[in-house]
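This report refers to the structure that appears directly beneath it.
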Amino acid sequence: MRKHKRKQFFPYSLPYPGNLSFPDKFIWGVSTSDRQITENIDRGLSIWDAFAMISGKIEGGYDPRITCEHMRYYKEDVALMKQLGAGAYRLSIAWPRWQSEGLGQPNQSGIDFYDRLIDQLCRLGIDPWITLFHWDLPLELECLGGWQNRDTAKRFADYVFSVVSKLGDRVKHWMTLNEPNIFAFQGYLSGEFAPGKHGAWLAAFRAVHHLLLAHGMGMQVIRQASSDAKVGIVVKMLPVETLSYSPLAHASAHLWRMLGTSWFLDPLLRGSYPLPVRGIYDAMSAINRLGRHSPVVRAGDMEIICPKKRMDFLGIDYYFRQVINFLGQWRMHVPGSQHTAMGWEICAAALARGLIRLKEEYGELLPIVYITENGMASDDVLVNGQVNDQQRIDYLIDHLIAVLQAIAAGVDVGGYFVWSLIRNWEWPKGLLKDFGIVYVDFKSPERTRTPKSSFYVYQDVIRGNGLIYVPLSMCR
Ligand code: FCB
């Protein structure tokens, strides 16, 4: 690895990649998640259905029953992926569709849908990559304590075993969890996501450990059920960068790095929590012992989370960096920077720096990385049957350049998935934020789909396995 001066927190520039081609066998894909694109049929309720019913939780009042109706139009969507030239499709299985109440007998009509979808993908030569938990916990399990209850990890493993036994003949790449770091922060601290708890730090600590345990237990059963499976987890990359030095900025950046990243990647890759986090779990255990309750972290847990046979890959989702100012505060708005319709700062360079930093930090422990989500929301409109999303084109090209920079610096990146194939239900933003490279007309009963300009640019990138065939006039 090339070492960079001041690598710790300060942004530095990387050379423009001399080679605009991606490695052979680089995987090009698109991502979605079940809750964001499918209808509420053939399934039980999840924590998001309940959360969305609370007034004021979802902007514009769009609840998740209004979708692009992917169950109905899945053949059309798979045909779009084929037209794009995607080699892989990252989708999620909704646990409450597989097992309506999160346990017991699988729900046959739910299984049938995934069977049909996966057959269709295989028929068209698109490799299904499956996320097993993309935030939609069955509501019944939340009533039993959700991720604060250790049993949820065991139930997750049972569900995973059932899925892999059924689909493992056609699916080789499995992601246990999507972004446990974001799920924990937004679900237990800011309350912006289901299950909607505010400032519940102890609950967050319990939930994180049980999520990681679920990942480990899930990985065990995936390997039992399918000998050639590749297993990973998806973590949101939150590179922390300070723009000026102060002891406060330095300390705050350390804290954010630990909470946002090391709390998750240290146990997954090294088999231990960072020291201060371990201290908190130890203190919780001591209190539990006084009340004759079992500790949260038990003997043997860390070996389950990080077994000898490590996970095969790490999925990285990247959207924005965390900028820390002189006073140690996190700022979303850096003067002079551009933002997406979500208000997220656009900073492709931080993706390259973040990947390089991961490699420097974890070295050989870091498995091959796939960018499992990257993309932006914009206010797109259909004009004369076309959607011109030039800002997204620039965004994608810049982020692909960042991936090339990381590869040139020695990071093993094996693929890239755009978030998202299609306009979808964006959690608390409902239908107000559109990340799709395919536009959906929600006013039309047929949910008419129109590929945007970015779709065609991405198609060119995939065809050329690089940026060489993308006319520069389209990039800038
Ligand atoms: C990620 C989520 C994904 C989508 C994008 C915009 O954090 O995994 O479902 O909402 O953000």
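Identifiers for the structure tokens are assigned positionally: chains receive A, B, ... in sequence, residues are indexed from 1 per chain, and ligands are indexed from 1 in the order shown.
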Item checked: Shell around Ala153 of chain A at 6 Å using only C-alpha atoms, local window under 2 positions removed, as a ChimeraX atom specification -> /A:150-151,155-156,210,214
Notebook entry, point to check: Contacts of segment 224-241 of chain A at 7 Å or less, counting only C-alpha atoms, minus same-chain residues fewer than 2 places along, as a VMD selection string?
Noted result: chain A and resid 9 to 11 161 164 to 165 168 172 to 182 219 to 222 243 253 257 260 311 to 318 320 to 324 350 354
Checklist line | Environment of ligand 1 within 8 Å, counting only C-alpha atoms and all ligand atoms, reported as JSON, numbers by chain | finding: {"A": [32, 33, 36, 134, 178, 179, 182, 236, 317, 319, 373, 374, 375, 376, 377, 419, 420, 426, 427, 435]}
Keeping only C-alpha atoms, write the selected residues to a file as a PDB file, in the first residue's frame.
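See out16.pdb below for the written result:
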ATOM      1  CA  THR A  32     -32.593  -2.496  -4.886  1.00  0.00           C
ATOM      2  CA  SER A  33     -34.266  -3.691  -1.715  1.00  0.00           C
ATOM      3  CA  GLN A  36     -38.573  -0.196  -1.412  1.00  0.00           C
ATOM      4  CA  HIS A 134     -32.395  -4.977   4.431  1.00  0.00           C
ATOM      5  CA  ASN A 178     -27.477  -4.284   4.989  1.00  0.00           C
ATOM      6  CA  GLU A 179     -25.735  -1.424   6.812  1.00  0.00           C
ATOM      7  CA  ILE A 182     -27.037   2.967   9.760  1.00  0.00           C
ATOM      8  CA  LYS A 236     -22.090   1.966   5.019  1.00  0.00           C
ATOM      9  CA  ASP A 317     -22.214   1.417   0.406  1.00  0.00           C
ATOM     10  CA  TYR A 319     -22.923   8.211  -0.415  1.00  0.00           C
ATOM     11  CA  GLU A 373     -24.478   0.825  -3.365  1.00  0.00           C
ATOM     12  CA  ASN A 374     -23.564   4.210  -4.784  1.00  0.00           C
ATOM     13  CA  GLY A 375     -25.769   6.774  -6.452  1.00  0.00           C
ATOM     14  CA  MET A 376     -27.673   9.970  -5.878  1.00  0.00           C
ATOM     15  CA  ALA A 377     -31.148  11.413  -5.598  1.00  0.00           C
ATOM     16  CA  TRP A 419     -28.207   2.457  -6.253  1.00  0.00           C
ATOM     17  CA  SER A 420     -30.672   2.183  -7.706  1.00  0.00           C
ATOM     18  CA  GLU A 426     -36.882   6.026   0.047  1.00  0.00           C
ATOM     19  CA  TRP A 427     -37.670   5.181   3.705  1.00  0.00           C
ATOM     20  CA  PHE A 435     -32.327   7.511  -6.851  1.00  0.00           C
TER      21      PHE A 435
END
Check: Looking only at the backbone, which of the residues in segment 343-373 of chain A does DSSP tag as strand (DSSP E or B), as a list in words?
Finding: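 So, restricting segment 343-373 of chain A to strand (DSSP E or B), we get Glu345, Ile368, Val369, Tyr370, Ile371, Thr372 and Glu373 of chain A.
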Note to self: I'd like the neighbourhood of segment 98-111 of chain A as number ranges by chain, where a residue qualifies if any of its atoms comes within 6 Å (using only C-alpha atoms), though same-chain residues fewer than 2 positions away should be ignored.
What the structure shows: A: 42-44, 95-96, 113-114, 138, 140
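Around segment 403-408 of chain A, within 8 Å and counting only C-alpha atoms, the residues found are Leu14, Pro15, Tyr16, Pro17, Asn19, Leu20, Phe22, Leu351, Ala352, Arg353, Leu355, Ile356, His399, Asp412 and Val413 of chain A, once anything fewer than 4 positions away on its own chain is removed.
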Item checked: Among listed residues A:Asp441, A:Arg292, A:Tyr370, A:Leu432, nearest Val387 of chain A (using only C-alpha atoms) ->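 For Val387 of chain A, the nearest of the given residues is A:Asp441.
Ranking A:Met284, A:Ala86, A:Arg223, A:Leu212 by their shortest atom-to-atom distance to Glu303 of chain A, with only C-alpha atoms included, puts A:Leu212 first.
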Check: Between A:Gly436, A:Pro195, A:Asp112, A:Asp34, which has the minimum distance to Lys57 of chain A (counting only C-alpha atoms)?
Finding: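 The closest residue to Lys57 of chain A is A:Pro195.
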Check: For Ser246 of chain A, which of A:Pro274, A:Gly410, A:Gly187, A:Gly328 is the closest residue, counting only C-alpha atoms?
Finding: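 Nearest candidate to Ser246 of chain A out of A:Pro274, A:Gly410, A:Gly187, A:Gly328: A:Gly328.
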Checklist line | Point-to-point distance in Å for atom CA of Val208 of chain A and atom CA of Ile371 of chain A | finding: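 It comes out at 22.3 Å.
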Check: Mind pulling up the distance from atom CA of Arg423 of chain A to atom CA of Ser454 of chain A?
Finding: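 These two atoms are separated by 13.0 Å.
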Margin query: Can you tell me which residues surround Glu192 of chain A at a distance of at most 12 Å, considering only C-alpha atoms, apart from same-chain residues fewer than 6 positions away, and format the answer as a list in words?
Written below: Trp48, Phe51, Ala52, Ile54, Gly56, Lys57, Ile58, Glu59, Ile182, Phe183, Ala184, Phe185, Gln186, His198, Gly199, Trp427, Pro428 and Lys429 of chain A
Writing out the chosen residues with N, CA and C atoms as a PDB file, in the first residue's frame:
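As written to disk, part.pdb reads:
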ATOM      1  N   TRP A  48     -41.228  -1.516   9.326  1.00  0.00           N
ATOM      2  CA  TRP A  48     -41.390  -0.314   8.509  1.00  0.00           C
ATOM      3  C   TRP A  48     -42.851  -0.020   8.192  1.00  0.00           C
ATOM      4  N   PHE A  51     -44.050   1.565  11.374  1.00  0.00           N
ATOM      5  CA  PHE A  51     -43.433   2.889  11.523  1.00  0.00           C
ATOM      6  C   PHE A  51     -44.107   3.901  10.597  1.00  0.00           C
ATOM      7  N   ALA A  52     -44.362   3.457   9.367  1.00  0.00           N
ATOM      8  CA  ALA A  52     -44.941   4.366   8.366  1.00  0.00           C
ATOM      9  C   ALA A  52     -46.376   4.771   8.717  1.00  0.00           C
ATOM     10  N   ILE A  54     -47.300   5.727  11.638  1.00  0.00           N
ATOM     11  CA  ILE A  54     -47.274   6.796  12.639  1.00  0.00           C
ATOM     12  C   ILE A  54     -47.233   8.125  11.888  1.00  0.00           C
ATOM     13  N   GLY A  56     -46.550  11.581  10.459  1.00  0.00           N
ATOM     14  CA  GLY A  56     -45.381  12.456  10.448  1.00  0.00           C
ATOM     15  C   GLY A  56     -44.057  11.749  10.241  1.00  0.00           C
ATOM     16  N   LYS A  57     -44.057  10.426  10.252  1.00  0.00           N
ATOM     17  CA  LYS A  57     -42.780   9.715  10.118  1.00  0.00           C
ATOM     18  C   LYS A  57     -42.277   9.695   8.679  1.00  0.00           C
ATOM     19  N   ILE A  58     -43.211   9.639   7.726  1.00  0.00           N
ATOM     20  CA  ILE A  58     -42.793   9.563   6.328  1.00  0.00           C
ATOM     21  C   ILE A  58     -43.198  10.863   5.625  1.00  0.00           C
ATOM     22  N   GLU A  59     -42.206  11.539   5.074  1.00  0.00           N
ATOM     23  CA  GLU A  59     -42.491  12.829   4.425  1.00  0.00           C
ATOM     24  C   GLU A  59     -43.504  12.651   3.300  1.00  0.00           C
ATOM     25  N   ILE A 182     -25.992   1.960   9.969  1.00  0.00           N
ATOM     26  CA  ILE A 182     -27.037   2.967   9.760  1.00  0.00           C
ATOM     27  C   ILE A 182     -28.333   2.539  10.445  1.00  0.00           C
ATOM     28  N   PHE A 183     -28.648   1.257  10.346  1.00  0.00           N
ATOM     29  CA  PHE A 183     -29.862   0.735  10.987  1.00  0.00           C
ATOM     30  C   PHE A 183     -29.833   1.049  12.485  1.00  0.00           C
ATOM     31  N   ALA A 184     -28.663   0.853  13.118  1.00  0.00           N
ATOM     32  CA  ALA A 184     -28.563   1.080  14.562  1.00  0.00           C
ATOM     33  C   ALA A 184     -28.657   2.567  14.896  1.00  0.00           C
ATOM     34  N   PHE A 185     -27.962   3.408  14.130  1.00  0.00           N
ATOM     35  CA  PHE A 185     -27.973   4.848  14.447  1.00  0.00           C
ATOM     36  C   PHE A 185     -29.345   5.461  14.213  1.00  0.00           C
ATOM     37  N   GLN A 186     -29.898   5.183  13.052  1.00  0.00           N
ATOM     38  CA  GLN A 186     -31.172   5.838  12.713  1.00  0.00           C
ATOM     39  C   GLN A 186     -32.349   5.178  13.433  1.00  0.00           C
ATOM     40  N   HIS A 198     -35.433   6.924  20.153  1.00  0.00           N
ATOM     41  CA  HIS A 198     -34.569   8.111  20.251  1.00  0.00           C
ATOM     42  C   HIS A 198     -33.579   7.949  21.381  1.00  0.00           C
ATOM     43  N   GLY A 199     -32.337   8.219  21.094  1.00  0.00           N
ATOM     44  CA  GLY A 199     -31.326   8.280  22.166  1.00  0.00           C
ATOM     45  C   GLY A 199     -31.242   7.023  23.008  1.00  0.00           C
ATOM     46  N   TRP A 427     -37.552   5.164   2.249  1.00  0.00           N
ATOM     47  CA  TRP A 427     -37.670   5.181   3.705  1.00  0.00           C
ATOM     48  C   TRP A 427     -38.392   6.440   4.191  1.00  0.00           C
ATOM     49  N   PRO A 428     -37.851   7.233   5.130  1.00  0.00           N
ATOM     50  CA  PRO A 428     -38.664   8.354   5.650  1.00  0.00           C
ATOM     51  C   PRO A 428     -38.929   9.457   4.621  1.00  0.00           C
ATOM     52  N   LYS A 429     -38.262   9.364   3.466  1.00  0.00           N
ATOM     53  CA  LYS A 429     -38.504  10.377   2.422  1.00  0.00           C
ATOM     54  C   LYS A 429     -39.587   9.922   1.462  1.00  0.00           C
TER      55      LYS A 429
END
Item checked: Atomic separation - atom CA of Pro307 of chain A relative to atom CA of Val411 of chain A, Å ->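 If I compute the distance from atom CA of Val411 of chain A to atom CA of Pro307 of chain A, I get 23.0 Å.
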Notebook entry, point to check: Neighbours of Arg65 of chain A within 9 Å (only C-alpha atoms; same-chain residues fewer than 2 positions away dropped), as a PyMOL selection string?
Noted result: chain A and resi 38-40+49+62-63+67
Keeping only N, CA and C atoms, write the selected residues as a PDB file, in the first residue's frame.
ATOM      1  N   THR A  38     -41.495  -3.378  -3.731  1.00  0.00           N
ATOM      2  CA  THR A  38     -42.559  -4.377  -3.951  1.00  0.00           C
ATOM      3  C   THR A  38     -43.870  -4.016  -3.257  1.00  0.00           C
ATOM      4  N   GLU A  39     -44.911  -4.665  -3.736  1.00  0.00           N
ATOM      5  CA  GLU A  39     -46.254  -4.454  -3.223  1.00  0.00           C
ATOM      6  C   GLU A  39     -46.408  -5.158  -1.872  1.00  0.00           C
ATOM      7  N   ASN A  40     -47.439  -4.735  -1.128  1.00  0.00           N
ATOM      8  CA  ASN A  40     -47.720  -5.394   0.155  1.00  0.00           C
ATOM      9  C   ASN A  40     -48.609  -6.619  -0.033  1.00  0.00           C
ATOM     10  N   ASP A  49     -43.655  -1.094   8.076  1.00  0.00           N
ATOM     11  CA  ASP A  49     -45.085  -0.865   7.833  1.00  0.00           C
ATOM     12  C   ASP A  49     -45.698  -0.182   9.044  1.00  0.00           C
ATOM     13  N   TYR A  62     -46.256   9.408   2.156  1.00  0.00           N
ATOM     14  CA  TYR A  62     -46.226   8.262   1.231  1.00  0.00           C
ATOM     15  C   TYR A  62     -45.911   7.001   2.004  1.00  0.00           C
ATOM     16  N   ASP A  63     -46.874   6.128   2.160  1.00  0.00           N
ATOM     17  CA  ASP A  63     -46.513   4.916   2.891  1.00  0.00           C
ATOM     18  C   ASP A  63     -46.035   3.857   1.909  1.00  0.00           C
ATOM     19  N   THR A  67     -45.816   1.615  -4.488  1.00  0.00           N
ATOM     20  CA  THR A  67     -44.487   1.255  -4.975  1.00  0.00           C
ATOM     21  C   THR A  67     -44.493   1.213  -6.501  1.00  0.00           C
TER      22      THR A  67
END
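Every residue of segment 284-371 of chain A with a DSSP assignment of helix (DSSP H, G or I), taken from the backbone, is listed as Met284, Ser285, Ala286, Ile287, Asn288, Arg289, Leu290, Asp301, Met302, Glu303, Ile304, Ile305, Ala349, Ala350, Leu351, Ala352, Arg353, Gly354, Leu355, Ile356, Arg357, Leu358, Lys359, Glu360, Glu361, Tyr362, Gly363, Glu364 and Leu365 of chain A.
Minimum atom-to-atom distances from A:Tyr273, A:Tyr416, A:Tyr469, A:Tyr159 to Arg97 of chain A were compared using only C-alpha atoms, and the lowest value belongs to A:Tyr159.
If only C-alpha atoms are the atoms counted, then among A:Lys433, A:Lys309, A:His250, A:Arg278 the closest residue to Gly60 of chain A is A:Lys433.
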